[in-house]
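S.K.: Questions regarding the structure given below will be posed in turn.
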Amino acid sequence: MKPLSLVLALLICIGAPLTSLQAQDGSSRIGLGDYGQTTVLDNRFNPAISFIGDMVATWSDDEGIEAGADGFKLRGAEIGLFGAVDNAYEFHGIIFFDDEDVELEEAYVMATDWLTPTSHIKAGRFNMDFGKLSPIHDAELPMMDKPSVLQEYIGGTLKGTGAELHWWSPLGDTSLLRGSIGIFQSADSDAHVILGPGGGHHHHEDEEEEEEGPLREAGDFAINARLSTLFDVTDSATLQLGGSLMTAPERVFGVDEDDIQDINRSVMGLDLTYVDMDESNGSGFRFQAEALMNDQDEGELDDGGTAGDPSDDIFNVTNTEASGFYVMAERVMDSNNTIGFSFNQYEHAEDSAEESSDFGVFYTKKLNEFNRLRFEVRSFKDLVLEEEGVEELVDFTAVSLQWTVQLGSHGHGLEW
Amino acid sequence: MSRISNGVLAILILFLLPWPGQIFAEDPIRVVTTTPDLADIVRQVGGDRVSVISLTNGSEDLHNIRPRPRLLNAVFKADMLVQIGLDMEHAWLPQLLNAARNDRIRPGTPGFINCSAGIQPLDIPAATTRKDGPDLHLKGNPHYNLSPVRGRQIVANIIEGLSNKYPQYSEEFKKRGAEYLQQLDQKISDWKTRLAPFKGAGFIEYHPTWSYFAKDFDLQIVDRIEAKAGVTPHATRLAEVTEKAQQNNVGLIIVRPVNQDLARKIAANCDAKIAILPHHSSVKGNLKGYIPFMEHIVSTFEKNLKVEQR
Ligand SMILES: [Zn+2]
C-alpha cells in the first residue's frame with residue numbers, strides 16, 4: 001500500500017470535475033442543443049463513483065496440495081472515481097481492496113484535446129493497452145479469472161506508470177484502424193487470481209525492496225505498442241484483429257558494480273475477436289483468441305570455481321522463449337443469460353519444455369443490472385503448484401461460484 | 001537506443017495520416033440520426049441539401065445498441081447529429097460522441113439537435129429505487145416518436161436546427177418543412193377520425209412505450225408487462241397482468257417482435273389479441289418513412305382494438 005499516492009489520487013479525482021461536461025441543469029424545459037443523455041461522466045455525480053464487489057466460493061478435487069482457493073473468498077472490491085473537465089480532460093481513479101490490502105489499481109489523467117481529435121494521451125498509472133483481456137478489470141471478464149496464459153506470461157494484467165498515446169482513424173465507412181504506443185517506468189503485473197498459475201501468490205510480487213541498479217539509459221524504459229483493425233462484416237457482426245508488443249529492458253549489476261548486464265523481456269500478442277449481436281433482443285455470440293509469445297532473460301550469479309570466492313563468480317544470463325494461447329467462445333442467450341467455454345495452453349515462461357493447459361465452461365446469470373452470478377467448472381492439467389518451496393505439476397478440477405455486485409457508474413464502452 | 005527512435009517514427013507516421021472528416025468539407029450536409037424516423041424527417045426537410053445516415057435500422061432495442069465501427073465512423077464524419085434524447089440513446093451515443101470527438105456535432109452547438117426540445121415528458125418516475133434493477137426511463141418516457149402530434153414537434157425542431165446551422169438554406173428548409181407538416185396534419189386528422197370510435201378503449205403494452213400515442217387518441221393503457229422500463233417480468237408479474245387483463249376485458253396486447261412469447265402467455269389466459277409493432281420506422285421495406293410507419297401503427301390499432309371494451 002502506498003498511502004500517499006492513494007490520497008493524492010483521491011484528491012485529484014474529487015477535485016477535478018468541478019466544471020461540467022454537459023449543458024444540463026435539470027430544468028424541465030429541454031433545449032434544442034441539450035445533450036439529453038445521462039453519461040458515465042455525468043456532472044450530477046461530481047465525480048461519478050462506482051463500486052464493484054466480487055465474492056467467490058471454490059471447491060476442487062486436488063489432493064494434498066492446495067489449489068489455492070477451497071472455500072469462500074472475497075476476491076476484492078473496487079471503488080472507481082471518474083470525472084471530466086469540459087472536453088479536455090478526464091480523470092479516472094480505481095482503488096482495490098481485499099481482506100488484507102488496499103491498493104491503487106489505476107489513477108490516470110486523459111488529455112483529449114491536446115493533439116488531433118482522434119488521439120488522446122493517458123498519463124499516470126494504468127493497465128497497458130496490450131491485447132484484449134489484459135487491460136480489462138476482473139469484473140468485466142467473461143470468465144472468472146484472467147486466462148492462465150495471460151497469468152503465466154504477464155501476470156494477468158500488464159501495468160505501468162507512464163504515458164500512452166492513443167490514436168484511431170476510419171478506414172472507409174465500416175472499418176477502422178486503432179493504435180497506441182506507451183512508455184513506462186517499468187512493466188509490472190497485477191491480477192487478483194483465484195485459480196491458475198497466478199493463483200495463490202499475491203499481487204505486488206515485485207514489492208520487495210528493489211536493489212539499487214545501474215543508472216538508467218533512455219532505452220531502459222518499458223515500451224508497449226498496439227495496432228488493431230475492426231471491420232463491420234455484416235449489419236450485426238464485427239471482426240477485430242490486433243497485435244501488441246511490450247518490451248521491458250532492465251540493466252542489473254552482474255558479479256560486481258563494474259559488470260552491467262542486460263536482462264530483457266518482451267511479450268508479443270496476436271488477437272482475433274468476432275462478435276455477432278442481434279440488437280433487437282440482445283442475443284448473440286462472441287469468439288475470441290489470443291496467442292502470446294514470451295521472451296525473457298533470467299540472470300543468475302553462479303558461485304563458480306572456489307565456493308565462497310567472489311573473484312571467480314560468473315553471472316549467467318539464460319534466455320527462454322515460450323508461447324501459448326487461449327480460445328474462448330460465448331453464447332449470449334438473452335441480455336441476462338450467457339454460456340461459454342475457454343481453453344488455455346501454454347509453455348512455461350521459465351521452462352518451455354514444460355506445458356500446462358486448462359479447459360473451463362461457465363454460465364453467467366445477470367440477476368439485474370447490479371447483480372451477477374457465475375458458475376464455472378475448470379479442469380487443469382499439469383498446473384504448477386508450490387508447496388513449501390517444492391513445485392509440483394498437478395491435475396485437478398475446480399467448481400466455482402462467483403457473485404459480483406456492481407453499483408453506480410459503469411458504461412458499456414466502445415470495444416476496441 | 002533505436003527502440004526509442006522507432007517509437008518516435010511511429011508517432012510521426014500516425015500524425016501524418018490524414019483524418020477523413022476534414023477532407024470532404026463541402027456539400028451535401030452529412031446528417032446522422034439515431035433512428036430511421038428522424039432520418040426520414042431530416043430528408044423531408046433537407047431535400048437534396050442533406051445526405052442522411054441513420055445509426056439504427058428500426059428493429060433494434062434503442063436502449064441496447066453496440067457501439068461499433070460503422071456507427072463511430074458515421075458520427076465522426078457527420079456535420080449534424082439528430083437524436084431522440086430523454087436518455088433514449090444513453091447506453092451508446094455518449095460513448096460514440098466521446099470517441100469521435102467531432103466538434104461539429106458537440107452537444108450545445110448548432111450541429112447537435114435534441115428532438116425532445118419542447119416535448120413535455122410523460123411517465124417521469126415518481127421515485128427512483130434500485131429495487132428490481134434500474135429504470136431505463138429516468139427522464140420520462142422517450143418513445144414520443146410514436147405520437148404523430150409530438151411528431152409535429154420533431155419536424156419543427158429539425159427545421160429550426162437545420163436553419164440555425166445553415167442559415168443560407170433556411171428559407172428552403174422552412175418551405176419544405178411546412179409542406180411536410182401540412183401532409184402530416186392531414187394524416188393526423190384522418191387517423192383521429194379512424195380511431196375516434198375506440199375512444200377510451202384499453203390495451204396492455206410490454207414496455208412503457210405508448211403513453212404519448214394513447215394520449216393523442218384517447219386510449220387507455222390498462223397495464224404494462226414490464227413493471228419498470230427494462231426490467232424483465234417474473235412469473236408473479238405475469239400473473240398480475242393476466243388478472244388485470246381479465247378484469248378489464250382487455251382485447252389487445254402490444255409488443256415488439258422479441259417480446260411476443262411472454263405476451264402470448266398472458267393472451268392465452270384472457271381474450272386478447274397480440275399485435276406486434278416496432279418502435280421505429282424501418283430503413284427499408286414498407287415501414288420506411290415516418291408517415292407510412294404511423295399509418296401502419298394506426299391501422300393496426302384500428303383493426304385490433306375492441307369497441308365494446310372501454
Ligand atoms: Zn424505452
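Quick note on naming: the chains in the C-alpha cells go A, B, ... in the order shown, residues restart at 1 in each chain, and ligands are numbered from 1 in order of appearance.
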Please find the residues of chain B near chain A - the criterion being any atom within 7 Å, counting only C-alpha atoms - and write them as a ChimeraX atom specification.
M.R.: /B:1,3-4,19,59-61,64-65,67-70,73,85-87,89-91,94-95,100-102,107-110,112-118,132-134,258
S.K.: Could you take the residues named above and write them with N, CA and C atoms, as a compact mmCIF listing (two decimals), in the first residue's frame?
M.R.:
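To be explicit, this is the file written out as part_0.txt:
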```
# COMPACT_ATOMS: atom_id res chain seq x y z
N MET B 1 18.94 4.63 -27.98
CA MET B 1 18.67 3.30 -28.49
C MET B 1 17.64 3.36 -29.62
N ARG B 3 15.14 1.64 -30.29
CA ARG B 3 13.76 1.39 -29.92
C ARG B 3 12.99 2.70 -29.76
N ILE B 4 13.69 3.67 -29.15
CA ILE B 4 13.07 4.97 -28.95
C ILE B 4 12.82 5.68 -30.28
N TRP B 19 -7.05 12.67 -41.32
CA TRP B 19 -8.31 12.13 -40.83
C TRP B 19 -9.43 12.64 -41.74
N SER B 59 -35.17 -2.07 -36.13
CA SER B 59 -35.57 -3.30 -35.44
C SER B 59 -34.89 -3.44 -34.08
N GLU B 60 -33.86 -2.64 -33.83
CA GLU B 60 -33.11 -2.81 -32.59
C GLU B 60 -33.88 -2.28 -31.38
N ASP B 61 -33.39 -2.71 -30.21
CA ASP B 61 -33.84 -2.11 -28.97
C ASP B 61 -32.92 -0.90 -28.75
N ASN B 64 -30.25 -0.51 -26.21
CA ASN B 64 -29.20 -1.52 -26.17
C ASN B 64 -28.50 -1.67 -27.53
N ILE B 65 -27.74 -0.66 -27.91
CA ILE B 65 -27.03 -0.71 -29.19
C ILE B 65 -25.54 -0.89 -28.90
N PRO B 67 -21.90 -0.04 -29.71
CA PRO B 67 -21.10 0.91 -30.48
C PRO B 67 -20.09 0.14 -31.33
N ARG B 68 -20.06 0.39 -32.62
CA ARG B 68 -19.13 -0.35 -33.48
C ARG B 68 -18.65 0.53 -34.64
N PRO B 69 -17.69 0.03 -35.45
CA PRO B 69 -17.02 0.92 -36.41
C PRO B 69 -17.96 1.73 -37.31
N ARG B 70 -19.01 1.10 -37.88
CA ARG B 70 -19.87 1.84 -38.80
C ARG B 70 -20.49 3.06 -38.11
N ASN B 73 -17.68 5.74 -37.27
CA ASN B 73 -17.26 6.47 -38.47
C ASN B 73 -18.31 7.47 -38.91
N GLY B 85 -33.09 11.78 -27.60
CA GLY B 85 -32.86 12.35 -26.26
C GLY B 85 -33.67 11.64 -25.19
N LEU B 86 -33.89 12.29 -24.07
CA LEU B 86 -34.58 11.68 -22.91
C LEU B 86 -33.96 10.32 -22.55
N ASP B 87 -32.64 10.24 -22.64
CA ASP B 87 -31.90 9.01 -22.31
C ASP B 87 -32.15 7.84 -23.26
N GLU B 89 -30.83 7.15 -26.06
CA GLU B 89 -29.59 6.64 -26.64
C GLU B 89 -28.46 6.61 -25.62
N HIS B 90 -28.81 6.68 -24.33
CA HIS B 90 -27.76 6.91 -23.34
C HIS B 90 -26.76 5.76 -23.20
N ALA B 91 -27.17 4.55 -23.62
CA ALA B 91 -26.27 3.41 -23.45
C ALA B 91 -25.16 3.40 -24.50
N PRO B 94 -23.36 8.54 -26.02
CA PRO B 94 -22.26 9.26 -25.37
C PRO B 94 -20.89 8.63 -25.65
N GLN B 95 -20.84 7.30 -25.69
CA GLN B 95 -19.57 6.63 -25.98
C GLN B 95 -19.09 6.97 -27.40
N ALA B 100 -15.51 9.81 -30.96
CA ALA B 100 -15.37 10.51 -32.24
C ALA B 100 -14.80 11.91 -32.05
N ARG B 101 -15.12 12.56 -30.94
CA ARG B 101 -14.63 13.92 -30.66
C ARG B 101 -14.79 14.84 -31.87
N ASN B 102 -16.01 14.81 -32.42
CA ASN B 102 -16.31 15.63 -33.58
C ASN B 102 -16.92 16.95 -33.09
N PRO B 107 -22.71 18.47 -28.29
CA PRO B 107 -23.91 18.97 -27.62
C PRO B 107 -23.72 20.42 -27.20
N GLY B 108 -24.76 21.21 -27.41
CA GLY B 108 -24.65 22.62 -27.07
C GLY B 108 -24.26 23.49 -28.26
N THR B 109 -23.82 22.85 -29.35
CA THR B 109 -23.52 23.62 -30.55
C THR B 109 -24.66 23.43 -31.55
N PRO B 110 -24.75 24.29 -32.57
CA PRO B 110 -25.86 24.17 -33.53
C PRO B 110 -25.85 22.87 -34.32
N PHE B 112 -25.86 19.96 -33.11
CA PHE B 112 -26.45 18.89 -32.30
C PHE B 112 -27.92 19.20 -32.08
N ILE B 113 -28.80 18.33 -32.52
CA ILE B 113 -30.24 18.57 -32.35
C ILE B 113 -30.85 17.51 -31.44
N ASN B 114 -31.39 17.97 -30.34
CA ASN B 114 -32.12 17.11 -29.43
C ASN B 114 -33.61 17.28 -29.73
N CYS B 115 -34.21 16.26 -30.33
CA CYS B 115 -35.60 16.40 -30.78
C CYS B 115 -36.60 16.42 -29.65
N SER B 116 -36.17 16.13 -28.43
CA SER B 116 -37.14 16.20 -27.32
C SER B 116 -37.33 17.64 -26.83
N ALA B 117 -36.66 18.60 -27.46
CA ALA B 117 -36.89 20.01 -27.12
C ALA B 117 -38.36 20.34 -27.34
N GLY B 118 -39.00 20.89 -26.32
CA GLY B 118 -40.41 21.27 -26.44
C GLY B 118 -41.39 20.15 -26.15
N ASP B 132 -35.37 -4.23 -8.07
CA ASP B 132 -35.63 -4.90 -9.35
C ASP B 132 -34.72 -4.42 -10.49
N GLY B 133 -33.83 -3.50 -10.23
CA GLY B 133 -32.97 -3.03 -11.32
C GLY B 133 -33.28 -1.60 -11.69
N PRO B 134 -32.47 -1.04 -12.57
CA PRO B 134 -32.59 0.38 -12.88
C PRO B 134 -33.75 0.65 -13.85
N VAL B 258 -39.57 -9.19 -30.33
CA VAL B 258 -38.77 -10.01 -29.42
C VAL B 258 -39.49 -10.41 -28.15
```
S.K.: What does the list of residues within 9 Å of ligand 1 look like if you count only C-alpha atoms and all ligand atoms, written as a PyMOL selection string?
M.R.: chain B and resi 61-63+87-88+136-137+141-143+207-209+229-230
S.K.: Can you pull out the residues contacting segment 191-201 of chain B? Cut-off 10 Å, using only C-alpha atoms, and skip same-chain residues under 4 positions away; I want them as a PyMOL selection string.
M.R.: chain B and resi 148+185-187+214+216-222+250-252+294-295+297-299+301-303+305-310
S.K.: May I ask which of the residues A:Leu195, A:Ser356, A:Asp62, A:Val275 is the closest one to Arg66 of chain B, counting only C-alpha atoms?
M.R.: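 That would be A:Val275, the residue with the smallest distance to Arg66 of chain B.
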S.K.: DSSP on the backbone: which residues in segment 171-221 of chain B end up as alpha helix (DSSP H)? Give the answer as a ChimeraX atom specification.
M.R.: /B:171-195,211-216
S.K.: Go through B:Val255, B:Ser282, B:Ser147, B:Asn249 one by one, measure the shortest atom-to-atom distance of each to Asn269 of chain B using only C-alpha atoms, and give the residue with the smallest value.
M.R.: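 The shortest atom-to-atom distance to Asn269 of chain B comes from B:Asn249.
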